[in-house]
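Raw contents of structure.txt, compact mmCIF, C-alpha atoms:
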```txt
# COMPACT_ATOMS: atom_id res chain seq x y z
CA MET A 449 41.75 41.91 38.84
CA THR A 450 43.18 38.51 37.99
CA PHE A 451 41.66 35.18 36.95
CA GLU A 452 42.48 33.98 40.46
CA ASP A 453 40.29 36.79 41.86
CA ILE A 454 37.41 35.54 39.73
CA TYR A 455 37.82 31.98 41.03
CA ARG A 456 37.95 33.30 44.61
CA PHE A 457 34.71 35.19 44.01
CA PHE A 458 32.90 31.97 43.09
CA GLU A 459 34.52 30.02 45.93
CA SER A 460 33.32 32.58 48.45
CA PRO A 461 30.63 34.81 46.89
CA PRO A 462 29.56 37.99 48.67
CA PRO A 463 26.39 37.83 50.77
CA THR A 464 23.00 38.47 49.22
CA TYR A 465 20.96 41.29 50.75
CA LEU A 466 17.28 40.62 51.40
CA ASN A 467 14.67 42.85 49.79
CA LYS A 468 11.57 44.01 51.68
CA GLU A 469 9.42 41.07 50.57
CA LEU A 470 11.95 38.55 51.86
CA ALA A 471 12.50 40.59 55.02
CA VAL A 472 8.76 40.42 55.76
CA CYS A 473 8.73 36.64 55.32
CA TYR A 474 11.91 36.16 57.37
CA THR A 475 10.59 38.39 60.17
CA LEU A 476 7.30 36.52 60.37
CA ALA A 477 9.10 33.16 60.38
CA THR A 478 11.23 34.35 63.28
CA LEU A 479 8.37 35.92 65.24
CA LEU A 480 6.41 32.67 64.95
CA GLN A 481 9.11 31.26 67.27
CA GLU A 482 9.49 34.12 69.76
CA ASP A 483 9.29 37.87 70.22
CA SER A 484 12.34 39.74 68.99
CA TYR A 485 13.82 43.17 68.28
CA GLY A 486 15.47 44.71 65.21
CA THR A 487 19.14 44.16 65.99
CA ALA A 488 18.48 40.57 67.09
CA LEU A 489 16.65 39.83 63.83
CA ILE A 490 19.64 41.08 61.83
CA GLN A 491 22.15 39.19 63.98
CA HIS A 492 20.13 35.97 63.93
CA LEU A 493 19.98 35.95 60.13
CA GLY A 494 23.76 36.41 59.96
CA GLU A 495 24.27 33.49 62.35
CA VAL A 496 21.94 31.00 60.67
CA ARG A 497 22.54 32.13 57.08
CA PRO A 498 25.97 33.77 56.69
CA ASP A 499 25.32 34.03 52.94
CA LEU A 500 22.41 36.43 53.56
CA ARG A 501 22.29 39.95 55.00
CA LEU A 502 19.53 42.27 56.09
CA SER A 503 20.07 46.03 56.21
CA ASP A 504 18.58 48.19 58.96
CA THR A 505 16.69 50.22 56.37
CA VAL A 506 15.00 47.21 54.77
CA LEU A 507 14.25 45.56 58.13
CA TYR A 508 12.62 48.64 59.65
CA SER A 509 10.63 49.20 56.47
CA ALA A 510 9.38 45.60 56.73
CA LEU A 511 8.56 46.02 60.45
CA LYS A 512 6.64 49.23 59.72
CA PHE A 513 4.68 47.47 56.96
CA LEU A 514 3.83 44.55 59.26
CA GLU A 515 2.72 46.91 62.05
CA GLU A 516 0.55 48.94 59.66
CA GLU A 517 -1.04 45.72 58.38
CA GLY A 518 -1.80 44.63 61.95
CA ALA A 519 0.32 41.48 61.67
CA ILE A 520 2.73 42.45 64.44
CA ALA A 521 2.67 44.77 67.42
CA GLY A 522 5.56 46.48 69.14
CA TYR A 523 6.11 47.05 72.83
CA TRP A 524 8.87 48.51 74.96
CA GLN A 525 10.92 46.27 77.24
CA LYS A 526 13.34 47.49 79.88
CA VAL A 527 16.68 45.72 79.71
CA GLU A 528 18.99 45.41 82.70
CA GLY A 529 22.15 47.47 82.18
CA ARG A 530 20.74 49.35 79.20
CA GLY A 531 19.66 52.97 79.49
CA ARG A 532 16.75 52.95 77.08
CA PRO A 533 14.09 50.31 76.71
CA ARG A 534 14.23 48.01 73.70
CA ARG A 535 11.47 47.95 71.06
CA MET A 536 10.26 44.36 70.92
CA TYR A 537 7.88 42.90 68.34
CA HIS A 538 5.41 40.06 68.62
CA LEU A 539 3.10 38.35 66.17
CA CYS A 540 -0.59 39.21 66.57
CA PRO A 541 -2.77 36.12 67.07
CA GLU A 542 -5.03 37.00 64.12
CA ALA A 543 -2.02 36.98 61.79
CA GLN A 544 -0.87 33.43 62.64
CA LEU A 545 -2.22 31.76 59.50
CA GLN A 546 -0.83 34.34 57.11
CA ALA A 547 2.48 34.34 59.02
CA ARG A 548 2.75 30.56 58.61
CA GLU A 549 2.05 30.82 54.87
CA LEU A 550 4.70 33.50 54.40
CA ALA A 551 7.16 31.66 56.66
CA ASP A 552 6.65 28.64 54.41
CA LEU A 553 7.51 30.78 51.38
CA TRP A 554 10.65 31.91 53.22
CA GLU A 555 11.68 28.29 53.85
CA ARG A 556 10.98 27.39 50.24
CA TYR A 557 13.02 30.37 49.08
CA LEU A 558 15.98 29.17 51.16
CA THR A 559 15.88 25.69 49.65
CA GLN A 560 14.94 26.45 46.05
CA PRO A 561 17.51 25.77 43.32
CA GLY A 562 18.21 29.05 41.56
CA HIS A 563 15.39 31.53 41.28
CA GLN A 564 12.37 29.39 40.47
CA PRO A 565 8.91 30.90 41.07
CA LEU A 566 7.42 29.83 44.40
CA LEU A 567 3.81 30.57 43.45
CA THR A 568 1.90 30.06 40.25
CA PRO A 569 0.59 33.18 38.44
CA GLN A 570 -2.99 32.23 39.26
CA HIS A 571 -2.27 32.28 43.00
CA ALA A 572 -4.80 34.77 44.36
CA TRP A 573 -3.70 36.85 47.31
CA VAL A 574 -6.47 37.13 49.88
CA SER A 575 -5.99 39.84 52.43
CA SER A 576 -7.05 39.08 55.97
CA SER A 577 -8.30 42.66 56.46
```
Kindly present the structure from the file in structure tokens form.
Amino acid sequence: MTFEDIYRFFESPPPTYLNKELAVCYTLATLLQEDSYGTALIQHLGEVRPDLRLSDTVLYSALKFLEEEGAIAGYWQKVEGRGRPRRMYHLCPEAQLQARELADLWERYLTQPGHQPLLTPQHAWVSSS
């Protein structure tokens, strides 16, 4: 390692990997726009935010959580020229409000300076179930 390597690191830092909480918010923000599938969600993030990455493991854990909570539903879609159908996900109508709230947290996370809290400690989480 050289001092030049250190400067290069700060000029072009490595991408940040999303955790499950952020993956849930990102997924909901995306599904508010249109139905999607796992690989497309990962690729889309890389296109719009090259500084962020989402691993398959974290994404599919987030998708499983959202399905179990009833926020999203999956369905199979045949794709021309592809042998197997693709697992698509869509936002359930009853989860719209919560999805918008979490999508807003995602947008705030993307624009926050540093790692400032996005909610106050007294923010009470109210489950829709």
Here's a test: counting only C-alpha atoms, identify every protein, DNA and RNA residue with an atom at most 10 Å from (1.0, 35.1, 61.7) in the file's coordinate frame, and state them as a ChimeraX atom specification. /A:476-477,479-480,518-520,538-551
Using the selection just defined, write its residues with C-alpha atoms as a PDB file, in the coordinates of the input.
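File written: result_31.pdb
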```pdb
ATOM      1  CA  LEU A 476       7.300  36.520  60.370  1.00  0.00           C
ATOM      2  CA  ALA A 477       9.100  33.160  60.380  1.00  0.00           C
ATOM      3  CA  LEU A 479       8.370  35.920  65.240  1.00  0.00           C
ATOM      4  CA  LEU A 480       6.410  32.670  64.950  1.00  0.00           C
ATOM      5  CA  GLY A 518      -1.800  44.630  61.950  1.00  0.00           C
ATOM      6  CA  ALA A 519       0.320  41.480  61.670  1.00  0.00           C
ATOM      7  CA  ILE A 520       2.730  42.450  64.440  1.00  0.00           C
ATOM      8  CA  HIS A 538       5.410  40.060  68.620  1.00  0.00           C
ATOM      9  CA  LEU A 539       3.100  38.350  66.170  1.00  0.00           C
ATOM     10  CA  CYS A 540      -0.590  39.210  66.570  1.00  0.00           C
ATOM     11  CA  PRO A 541      -2.770  36.120  67.070  1.00  0.00           C
ATOM     12  CA  GLU A 542      -5.030  37.000  64.120  1.00  0.00           C
ATOM     13  CA  ALA A 543      -2.020  36.980  61.790  1.00  0.00           C
ATOM     14  CA  GLN A 544      -0.870  33.430  62.640  1.00  0.00           C
ATOM     15  CA  LEU A 545      -2.220  31.760  59.500  1.00  0.00           C
ATOM     16  CA  GLN A 546      -0.830  34.340  57.110  1.00  0.00           C
ATOM     17  CA  ALA A 547       2.480  34.340  59.020  1.00  0.00           C
ATOM     18  CA  ARG A 548       2.750  30.560  58.610  1.00  0.00           C
ATOM     19  CA  GLU A 549       2.050  30.820  54.870  1.00  0.00           C
ATOM     20  CA  LEU A 550       4.700  33.500  54.400  1.00  0.00           C
ATOM     21  CA  ALA A 551       7.160  31.660  56.660  1.00  0.00           C
TER      22      ALA A 551
END
```
List every protein, DNA or RNA residue that has at least one atom no more than 6 Å from (26.2, 40.5, 55.5) in the file's coordinates, counting only C-alpha atoms, and write the result as a PyMOL selection string. chain A and resi 463+500-501
So, with only C-alpha atoms as the atoms that count, which of A:Thr450, A:Ser460, A:Thr487, A:Thr475 lies closest to A:Arg534?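 Answer, going by the shortest atom-to-atom distance: A:Thr487.
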Gap from atom CA of A:Leu514 to atom CA of A:Glu469 - Å, one decimal: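 Spanning atom CA of A:Leu514 to atom CA of A:Glu469 is a straight-line distance of 10.9 Å.
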What is the distance between atom CA of A:Leu470 and atom CA of A:Trp554, in Å to one decimal?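 Interatomic distance, atom CA of A:Leu470 to atom CA of A:Trp554: 6.9 Å.
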Just to confirm, what's the straight-line distance from atom CA of A:Val527 to atom CA of A:Leu489 in Å (one decimal)? 16.9 Å
